[in-house]
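Text of start22.cif, listed as mmCIF, C-alpha atoms:
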```
data_target
#
loop_
_atom_site.label_atom_id
_atom_site.label_comp_id
_atom_site.auth_asym_id
_atom_site.auth_seq_id
_atom_site.Cartn_x
_atom_site.Cartn_y
_atom_site.Cartn_z
CA MET K 1 -6.13 -20.98 7.79
CA ARG K 2 -3.70 -18.27 8.84
CA ALA K 3 -2.67 -15.28 6.78
CA ASP K 4 0.81 -13.76 6.74
CA VAL K 5 -0.02 -10.69 8.84
CA GLN K 6 2.77 -8.29 9.80
CA GLN K 7 2.17 -5.46 12.23
CA VAL K 8 4.29 -2.60 10.89
CA ALA K 9 3.07 0.22 13.18
CA ASP K 10 0.40 0.83 15.80
CA GLY K 11 -2.91 -0.19 14.28
CA THR K 12 -1.33 -0.88 10.88
CA TYR K 13 -0.88 -4.33 9.35
CA LEU K 14 0.59 -5.42 6.03
CA VAL K 15 -0.82 -8.74 4.87
CA HIS K 16 0.93 -10.88 2.27
CA GLY K 17 -1.56 -12.88 0.24
CA SER K 18 -0.78 -15.01 -2.78
CA ASN K 19 1.65 -12.75 -4.66
CA THR K 20 -0.17 -9.58 -3.60
CA ASN K 21 -0.63 -7.52 -0.44
CA TRP K 22 -3.41 -5.73 1.38
CA VAL K 23 -3.38 -3.43 4.39
CA ILE K 24 -5.53 -3.34 7.53
CA LEU K 25 -5.87 -0.11 9.52
CA THR K 26 -7.51 -0.46 12.93
CA GLU K 27 -9.05 2.08 15.28
CA GLY K 28 -10.98 0.74 18.23
CA ASP K 29 -13.45 -1.79 16.89
CA ALA K 30 -13.43 -0.37 13.36
CA VAL K 31 -11.22 -1.27 10.42
CA THR K 32 -10.23 0.15 7.04
CA LEU K 33 -9.23 -2.49 4.51
CA VAL K 34 -6.99 -1.32 1.66
CA ASP K 35 -7.24 -3.76 -1.26
CA THR K 36 -8.54 -7.32 -1.06
CA GLY K 37 -6.16 -9.61 -2.96
CA TYR K 38 -7.12 -12.08 -5.68
CA PRO K 39 -10.60 -13.64 -5.72
CA GLY K 40 -8.89 -16.82 -4.53
CA ASP K 41 -7.48 -14.98 -1.49
CA ARG K 42 -10.91 -14.54 0.14
CA GLU K 43 -10.30 -16.96 3.00
CA LEU K 44 -6.95 -15.30 3.65
CA VAL K 45 -8.62 -11.88 3.74
CA LEU K 46 -11.16 -13.09 6.28
CA ALA K 47 -8.46 -14.86 8.28
CA SER K 48 -6.31 -11.72 8.36
CA LEU K 49 -9.19 -9.71 9.82
CA SER K 50 -9.66 -12.35 12.49
CA GLN K 51 -5.94 -12.37 13.29
CA VAL K 52 -5.97 -8.64 14.10
CA GLY K 53 -9.00 -9.13 16.36
CA SER K 54 -11.58 -7.91 13.87
CA ALA K 55 -14.25 -9.29 11.55
CA PRO K 56 -15.69 -8.42 8.13
CA GLU K 57 -18.69 -6.81 9.84
CA ALA K 58 -16.31 -4.27 11.40
CA VAL K 59 -14.83 -3.06 8.09
CA ALA K 60 -15.92 0.57 7.80
CA ALA K 61 -14.83 0.76 4.16
CA VAL K 62 -12.79 -0.98 1.52
CA LEU K 63 -10.34 1.32 -0.26
CA ILE K 64 -9.04 0.07 -3.59
CA THR K 65 -5.74 1.34 -4.97
CA HIS K 66 -6.77 0.16 -8.45
CA ALA K 67 -9.24 -2.25 -9.99
CA HIS K 68 -7.01 -5.10 -11.13
CA ASN K 69 -8.28 -8.52 -10.08
CA ASP K 70 -5.40 -9.13 -7.67
CA HIS K 71 -6.49 -6.10 -5.62
CA LEU K 72 -10.24 -6.07 -6.26
CA GLY K 73 -10.84 -9.77 -5.58
CA SER K 74 -13.17 -9.71 -2.56
CA ALA K 75 -14.45 -6.13 -2.75
CA GLU K 76 -17.84 -7.04 -4.20
CA TYR K 77 -18.20 -9.93 -1.75
CA LEU K 78 -17.75 -7.56 1.20
CA ARG K 79 -20.06 -4.96 -0.33
CA ALA K 80 -22.84 -7.41 -1.19
CA THR K 81 -22.58 -9.48 2.00
CA TYR K 82 -21.92 -6.85 4.66
CA GLY K 83 -22.92 -3.58 2.98
CA THR K 84 -19.33 -2.34 3.11
CA PRO K 85 -18.76 0.72 0.90
CA VAL K 86 -16.05 0.31 -1.73
CA TYR K 87 -14.19 3.53 -2.54
CA LEU K 88 -11.85 4.32 -5.44
CA HIS K 89 -10.63 7.35 -7.36
CA GLU K 90 -13.40 8.66 -9.61
CA ALA K 91 -11.43 7.65 -12.72
CA GLU K 92 -11.21 4.09 -11.39
CA VAL K 93 -14.91 3.68 -10.53
CA PRO K 94 -15.95 2.62 -14.07
CA HIS K 95 -12.94 0.31 -14.17
CA ALA K 96 -14.22 -1.41 -11.00
CA ARG K 97 -17.64 -1.77 -12.62
CA ARG K 98 -15.83 -3.37 -15.60
CA GLU K 99 -17.10 -0.86 -18.09
CA PHE K 100 -13.58 -1.36 -19.45
CA LEU K 101 -10.58 -3.43 -18.42
CA HIS K 102 -7.06 -2.05 -18.33
CA GLN K 103 -5.23 -5.19 -17.26
CA VAL K 104 -2.40 -7.12 -18.89
CA SER K 105 -3.84 -9.46 -21.49
CA VAL K 106 -3.19 -13.18 -21.77
CA GLY K 107 -1.62 -12.53 -25.18
CA THR K 108 0.84 -10.02 -23.74
CA VAL K 109 1.74 -12.41 -20.94
CA LEU K 110 2.40 -15.18 -23.47
CA LYS K 111 4.62 -12.86 -25.53
CA ASN K 112 6.65 -12.24 -22.37
CA GLY K 113 6.64 -15.88 -21.32
CA TRP K 114 10.35 -16.21 -22.08
CA ARG K 115 11.15 -13.82 -19.24
CA PRO K 116 12.16 -15.40 -15.93
CA GLY K 117 9.26 -15.92 -13.55
CA VAL K 118 6.49 -14.91 -15.97
CA LEU K 119 4.95 -18.30 -16.71
CA PRO K 120 4.89 -19.50 -13.06
CA TRP K 121 3.35 -16.17 -12.07
CA ALA K 122 0.74 -16.46 -14.85
CA VAL K 123 -0.27 -19.97 -13.80
CA HIS K 124 -0.67 -18.81 -10.22
CA ALA K 125 -2.62 -15.72 -11.29
CA ILE K 126 -5.08 -17.77 -13.33
CA ARG K 127 -5.57 -20.30 -10.54
CA SER K 128 -6.18 -17.44 -8.08
CA GLY K 129 -8.86 -15.79 -10.23
CA GLY K 130 -6.73 -13.31 -12.14
CA THR K 131 -8.97 -13.65 -15.20
CA ALA K 132 -12.27 -14.08 -13.32
CA LYS K 133 -15.10 -11.60 -13.61
CA VAL K 134 -15.30 -9.77 -10.28
CA PRO K 135 -16.89 -6.35 -10.98
CA VAL K 136 -18.09 -4.20 -8.10
CA ALA K 137 -21.77 -3.48 -8.64
CA ALA K 138 -21.83 -0.13 -6.84
CA PRO K 139 -18.32 1.30 -6.36
CA GLU K 140 -18.13 4.87 -5.09
CA PRO K 141 -15.64 7.70 -5.56
CA PHE K 142 -13.78 8.83 -2.48
CA PRO K 143 -16.08 11.00 -0.35
CA ALA K 144 -13.31 13.56 0.10
CA ALA K 145 -10.01 14.52 -1.50
CA ALA K 146 -8.47 15.10 1.91
CA ALA K 147 -8.08 12.69 4.84
CA LEU K 148 -10.95 10.22 4.88
CA ASP K 149 -13.02 9.87 8.03
CA LEU K 150 -12.00 6.25 8.44
CA PRO K 151 -9.62 4.29 10.68
CA GLY K 152 -6.08 5.45 9.92
CA ARG K 153 -7.30 8.71 8.34
CA PRO K 154 -5.81 7.78 4.96
CA VAL K 155 -5.37 10.53 2.36
CA PRO K 156 -5.97 9.42 -1.25
CA VAL K 157 -3.13 10.42 -3.60
CA HIS K 158 -3.77 10.09 -7.34
CA THR K 159 -0.86 8.23 -8.94
CA PRO K 160 -2.00 7.33 -12.47
CA GLY K 161 -0.11 5.25 -14.98
CA HIS K 162 -0.48 1.70 -13.76
CA THR K 163 -4.18 2.42 -14.30
CA LEU K 164 -5.93 5.71 -14.99
CA GLY K 165 -7.30 6.06 -11.49
CA HIS K 166 -4.59 4.40 -9.44
CA CYS K 167 -4.31 5.90 -5.95
CA ALA K 168 -1.81 5.57 -3.16
CA PHE K 169 -2.80 6.38 0.42
CA HIS K 170 -0.78 8.62 2.71
CA LEU K 171 -0.95 8.41 6.49
CA PRO K 172 0.97 11.60 7.25
CA GLU K 173 0.85 11.40 11.04
CA ALA K 174 2.26 7.87 10.98
CA GLY K 175 4.73 8.55 8.16
CA ILE K 176 3.28 5.71 6.09
CA VAL K 177 2.61 5.47 2.35
CA ILE K 178 0.45 2.64 1.00
CA SER K 179 1.68 2.65 -2.57
CA GLY K 180 -0.34 -0.09 -4.29
CA ASP K 181 1.28 -0.86 -7.65
CA ALA K 182 2.63 2.65 -8.24
CA LEU K 183 5.78 1.65 -6.34
CA VAL K 184 6.58 -1.90 -5.27
CA SER K 185 9.46 -3.66 -3.55
CA GLY K 186 9.36 -6.94 -5.45
CA HIS K 187 7.31 -9.14 -7.76
CA PRO K 188 7.55 -12.76 -8.95
CA THR K 189 8.32 -11.51 -12.49
CA SER K 190 11.08 -9.15 -11.35
CA ARG K 191 14.68 -10.22 -10.89
CA VAL K 192 15.55 -7.30 -8.59
CA LYS K 193 14.60 -6.49 -5.03
CA GLY K 194 13.85 -3.16 -3.42
CA PRO K 195 11.89 -0.11 -4.63
CA GLN K 196 10.92 -0.39 -8.30
CA LEU K 197 8.18 -0.06 -10.86
CA LEU K 198 6.45 -3.22 -11.97
CA PRO K 199 7.62 -4.61 -15.33
CA ASP K 200 6.42 -2.55 -18.28
CA MET K 201 3.74 -5.00 -19.47
CA PHE K 202 1.66 -4.35 -16.35
CA HIS K 203 1.26 -0.58 -16.83
CA HIS K 204 -1.55 1.00 -18.83
CA GLU K 205 0.66 4.08 -19.46
CA ARG K 206 4.25 3.56 -18.41
CA GLY K 207 5.20 7.22 -18.91
CA ARG K 208 2.56 8.34 -16.45
CA ALA K 209 3.62 5.60 -14.03
CA VAL K 210 7.15 7.00 -14.07
CA ALA K 211 5.78 10.55 -13.62
CA SER K 212 3.74 9.43 -10.60
CA LEU K 213 6.98 8.61 -8.82
CA ASP K 214 7.38 12.41 -8.52
CA VAL K 215 4.12 12.51 -6.59
CA LEU K 216 5.22 9.73 -4.24
CA GLU K 217 8.58 11.43 -3.80
CA GLY K 218 6.75 14.42 -2.33
CA LEU K 219 5.06 12.41 0.42
CA ALA K 220 6.69 12.54 3.84
CA GLY K 221 7.20 9.10 5.27
CA ASP K 222 9.63 6.40 6.28
CA LEU K 223 7.47 3.32 5.87
CA LEU K 224 6.33 2.06 2.45
CA LEU K 225 3.62 -0.58 2.22
CA PRO K 226 3.57 -1.78 -1.42
CA GLY K 227 1.04 -3.81 -3.34
CA HIS K 228 3.74 -6.40 -4.04
CA GLY K 229 6.87 -7.27 -2.10
CA PRO K 230 7.93 -6.77 1.53
CA VAL K 231 7.53 -3.68 3.67
CA HIS K 232 10.20 -1.08 2.87
CA ARG K 233 11.60 0.84 5.82
CA GLY K 234 13.37 4.05 4.99
CA SER K 235 12.71 7.34 3.25
CA VAL K 236 9.76 7.10 0.85
CA ARG K 237 11.34 9.95 -1.08
CA ALA K 238 14.56 7.97 -1.55
CA ALA K 239 12.58 4.86 -2.49
CA ALA K 240 10.76 6.74 -5.26
CA GLN K 241 14.03 8.20 -6.51
CA HIS K 242 15.60 4.75 -6.60
CA ALA K 243 12.67 3.36 -8.58
CA ARG K 244 12.97 6.21 -11.08
CA GLU K 245 16.68 5.51 -11.57
CA ARG K 246 15.86 1.85 -12.26
CA ALA K 247 13.12 2.83 -14.70
CA VAL K 248 15.39 4.86 -16.96
#
```
Rewrite the coordinates I just gave you, this time as structure tokens.
Amino acid sequence: MRADVQQVADGTYLVHGSNTNWVILTEGDAVTLVDTGYPGDRELVLASLSQVGSAPEAVAAVLITHAHNDHLGSAEYLRATYGTPVYLHEAEVPHARREFLHQVSVGTVLKNGWRPGVLPWAVHAIRSGGTAKVPVAAPEPFPAAAALDLPGRPVPVHTPGHTLGHCAFHLPEAGIVISGDALVSGHPTSRVKGPQLLPDMFHHERGRAVASLDVLEGLAGDLLLPGHGPVHRGSVRAAAQHARERAV
């Protein structure tokens, strides 16, 4: 099995799983893995590590942008099997433990089933483990608010709205922003391409999701690696502005 791995910069890879992305940051023999796809993407996650010359044993940490199943899918597997720490924003830690679940409900999806692309996406999501129980037993808050001592030196940036503890990751030296679901470039349920917010039904608090575009707008960079859709090359600031204009 081969994953769709795209090298976007030195030591930086965007991987397209089944309707969701994850990012691999390499430094020597060590790796930072940002997000882990759906539970059903596990073999693709492992294959993507192999394709960049690494292995799950070499993952120094898993960073999770937010604890939805399509990003959290293999986090507990890596933690339990290899002892890999799983880090999230402190507000997202209880979400990862499944003390609560802020994720679009089946009922809401069905109410939106008339919209183009929603039902095919929902079928795929269910088949990929979108409604499975995949809590992380011992998630941890980020050990620092500044650059993390991990491959890529990612800086967590709190961007709430999609979930309470959603975080993007900024790689200032490389000019890269890993935006998770705070800013995407496409989605199977969206009829437009390019920088945008996800459709409203996916956000826990849409108003805060729109406000978090201001935070992303302030990050210097010219390479956007979203949680959904292709890599976006160009000003991150302009991408955030464009998404805000679409959200009005």
Subject >> For Leu46 (chain K): contacts at 9 Å, all atoms listed in the file, fewer than 6 positions along chain excluded, given as a ChimeraX atom specification >> reply: /K:3,55-56
**OP:** Using the chain letters and residue numbers of this document, give as a list in words the residues selected by the PyMOL selection byres ((chain K and resi 114-118) around 8).
**Re:** Val109, Lys111, Asn112, Gly113, Leu119, Pro120, Trp121, Ala122, Pro188, Thr189, Ser190 and Arg191 of chain K
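Remark: for Pro154 (chain K), the closest of the candidate residues K:Val177, K:Ala211, K:Val136, K:Ala247 is K:Val177 (distances computed over all atoms listed in the file).
A straight line drawn from CA of His66 (chain K) to CA of Gly53 (chain K) is 26.6 Å long.
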Subject >> Target residues per the PyMOL selection byres ((chain K and resi 193) around 12), formatted as a ChimeraX atom specification >> reply: /K:184-192,194-198,228-232,239,242-243,246
**OP:** For Ala138 (chain K), please output as a ChimeraX atom specification all residues within 9 Å (counting all atoms listed in the file; exclusion window: fewer than 2 positions along the same chain).
**Re:** /K:76,79,85-86,93,96-97,135-136,140
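Here the PyMOL selection byres ((chain K and resi 218) around 12) matches the residues Val157, Thr159, His170, Pro172, Val177, Ala211, Ser212, Leu213, Asp214, Val215, Leu216, Glu217, Leu219, Ala220, Gly221, Ser235, Val236, Arg237, Ala238, Ala239, Ala240 and Gln241 of chain K.
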**OP:** Could you jot down the CA of Glu245 (chain K) to CA of Pro156 (chain K) separation for me, Å, one decimal place?
**Re:** 25.2 Å
Write out as JSON lines a residue-level contact list of region 42-61 of chain K versus region 9-28 of chain K with cut-off 9 Å: for each qualifying residue the closest pair of atoms and the distance in Å to one decimal, counting all atoms listed in the file, rows sorted by chain and residue number upward.
```
{"residue": "K:Leu44", "atom": "CA", "partner": "K:Gly17", "partner_atom": "CA", "distance": 6.8}
{"residue": "K:Val45", "atom": "CA", "partner": "K:Gly17", "partner_atom": "CA", "distance": 7.9}
{"residue": "K:Ser48", "atom": "CA", "partner": "K:Val15", "partner_atom": "CA", "distance": 7.2}
{"residue": "K:Leu49", "atom": "CA", "partner": "K:Ile24", "partner_atom": "CA", "distance": 7.7}
{"residue": "K:Val52", "atom": "CA", "partner": "K:Tyr13", "partner_atom": "CA", "distance": 8.2}
{"residue": "K:Ser54", "atom": "CA", "partner": "K:Thr26", "partner_atom": "CA", "distance": 8.5}
```
**OP:** Rank nothing, just name the residue among K:Thr84, K:Thr108, K:Gln6, K:Ser74 nearest to Glu43 (chain K), using all atoms listed in the file.
**Re:** K:Ser74
**OP:** Enter the distance from CA of Gly107 (chain K) to CA of Phe202 (chain K), in Å, rounded to one decimal.
**Re:** 12.5 Å
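Using all atoms listed in the file, the smallest distance between any of K:Ala182, K:Leu223, K:Val8, K:Ala137 and Arg208 (chain K) comes from K:Ala182.
If you measure from each of K:Tyr82, K:Phe100, K:Phe142, K:Phe169 to Thr65 (chain K) using all atoms listed in the file, the closest one turns out to be K:Phe169.
Of the listed residues K:Gln103, K:Gln7, K:Asn69, K:Gln51, the one whose atoms come nearest to Gly129 (chain K) is K:Asn69, with distances taken using all atoms listed in the file.
The nearest approach to Leu63 (chain K) among the residues K:Pro199, K:Pro226, K:Gly180, K:Gly207, with all atoms listed in the file taken into account, belongs to K:Gly180.
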Subject >> Shell of 9 Å around Ala132 (chain K), all atoms listed in the file, local chain residues under 6 positions omitted, as an MDAnalysis selection string >> reply: chainID K and resid 39 69 73 126
Output C-alpha atoms of each residue in that selection to a file, as a PDB file, keeping the file's coordinate frame.
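What landed in again-v8.pdb:
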```pdb
ATOM      1  CA  PRO K  39     -10.600 -13.640  -5.720  1.00  0.00           C
ATOM      2  CA  ASN K  69      -8.280  -8.520 -10.080  1.00  0.00           C
ATOM      3  CA  GLY K  73     -10.840  -9.770  -5.580  1.00  0.00           C
ATOM      4  CA  ILE K 126      -5.080 -17.770 -13.330  1.00  0.00           C
TER       5      ILE K 126
END
```
Using the incomplete input, complete region 185-196 of chain K to the level of all heavy atoms; output as a short mmCIF file (atom, residue, chain, number, x, y, z; two decimals), in the coordinates of the input.
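Output (part-v7.cif):
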```
data_model
loop_
_atom_site.label_atom_id
_atom_site.label_comp_id
_atom_site.auth_asym_id
_atom_site.auth_seq_id
_atom_site.Cartn_x
_atom_site.Cartn_y
_atom_site.Cartn_z
N SER K 185 8.13 -3.28 -4.03
CA SER K 185 9.46 -3.66 -3.55
C SER K 185 9.86 -5.05 -4.02
O SER K 185 10.88 -5.58 -3.59
CB SER K 185 9.49 -3.60 -2.01
OG SER K 185 8.54 -4.51 -1.46
N GLY K 186 9.06 -5.62 -4.90
CA GLY K 186 9.36 -6.94 -5.45
C GLY K 186 8.16 -7.47 -6.20
O GLY K 186 7.04 -6.98 -6.04
N HIS K 187 8.40 -8.50 -7.01
CA HIS K 187 7.31 -9.14 -7.76
C HIS K 187 7.87 -10.45 -8.32
O HIS K 187 9.06 -10.53 -8.64
CB HIS K 187 6.81 -8.26 -8.90
CG HIS K 187 5.53 -8.74 -9.52
ND1 HIS K 187 5.51 -9.57 -10.62
CD2 HIS K 187 4.24 -8.52 -9.18
CE1 HIS K 187 4.25 -9.84 -10.93
NE2 HIS K 187 3.47 -9.22 -10.08
N PRO K 188 7.04 -11.49 -8.43
CA PRO K 188 7.55 -12.76 -8.95
C PRO K 188 8.15 -12.67 -10.35
O PRO K 188 8.96 -13.52 -10.72
CB PRO K 188 6.30 -13.65 -8.95
CG PRO K 188 5.42 -13.10 -7.89
CD PRO K 188 5.64 -11.62 -7.95
N THR K 189 7.78 -11.66 -11.13
CA THR K 189 8.32 -11.51 -12.49
C THR K 189 9.51 -10.56 -12.54
O THR K 189 10.03 -10.29 -13.63
CB THR K 189 7.24 -11.02 -13.46
OG1 THR K 189 6.82 -9.70 -13.06
CG2 THR K 189 6.04 -11.94 -13.48
N SER K 190 9.94 -10.07 -11.40
CA SER K 190 11.08 -9.15 -11.35
C SER K 190 12.30 -9.87 -10.79
O SER K 190 12.19 -10.64 -9.84
CB SER K 190 10.74 -7.93 -10.48
OG SER K 190 11.89 -7.11 -10.29
N ARG K 191 13.43 -9.59 -11.35
CA ARG K 191 14.68 -10.22 -10.89
C ARG K 191 15.42 -9.35 -9.90
O ARG K 191 16.50 -9.73 -9.44
CB ARG K 191 15.60 -10.51 -12.08
CG ARG K 191 15.01 -11.45 -13.12
CD ARG K 191 14.69 -12.84 -12.57
NE ARG K 191 13.31 -12.92 -12.11
CZ ARG K 191 12.78 -13.93 -11.44
NH1 ARG K 191 13.54 -14.95 -11.10
NH2 ARG K 191 11.51 -13.93 -11.08
N VAL K 192 14.89 -8.18 -9.54
CA VAL K 192 15.55 -7.30 -8.59
C VAL K 192 14.67 -7.13 -7.36
O VAL K 192 13.47 -7.37 -7.39
CB VAL K 192 15.86 -5.91 -9.21
CG1 VAL K 192 16.80 -6.07 -10.39
CG2 VAL K 192 14.58 -5.20 -9.63
N LYS K 193 15.30 -6.73 -6.28
CA LYS K 193 14.60 -6.49 -5.03
C LYS K 193 14.73 -5.02 -4.66
O LYS K 193 15.64 -4.33 -5.10
CB LYS K 193 15.16 -7.37 -3.91
CG LYS K 193 15.00 -8.87 -4.17
CD LYS K 193 15.58 -9.69 -3.03
CE LYS K 193 15.42 -11.18 -3.29
NZ LYS K 193 15.99 -12.01 -2.19
N GLY K 194 13.81 -4.55 -3.84
CA GLY K 194 13.85 -3.16 -3.42
C GLY K 194 12.91 -2.30 -4.25
O GLY K 194 12.22 -2.79 -5.16
N PRO K 195 12.84 -1.00 -3.97
CA PRO K 195 11.89 -0.11 -4.63
C PRO K 195 12.03 -0.12 -6.14
O PRO K 195 13.14 0.01 -6.68
CB PRO K 195 12.23 1.26 -4.05
CG PRO K 195 12.88 0.97 -2.72
CD PRO K 195 13.64 -0.30 -2.94
N GLN K 196 10.90 -0.26 -6.84
CA GLN K 196 10.92 -0.39 -8.30
C GLN K 196 9.51 -0.22 -8.85
O GLN K 196 8.52 -0.33 -8.12
CB GLN K 196 11.43 -1.78 -8.69
CG GLN K 196 10.58 -2.91 -8.14
CD GLN K 196 11.20 -4.28 -8.33
OE1 GLN K 196 11.18 -4.84 -9.44
NE2 GLN K 196 11.77 -4.82 -7.26
#
```
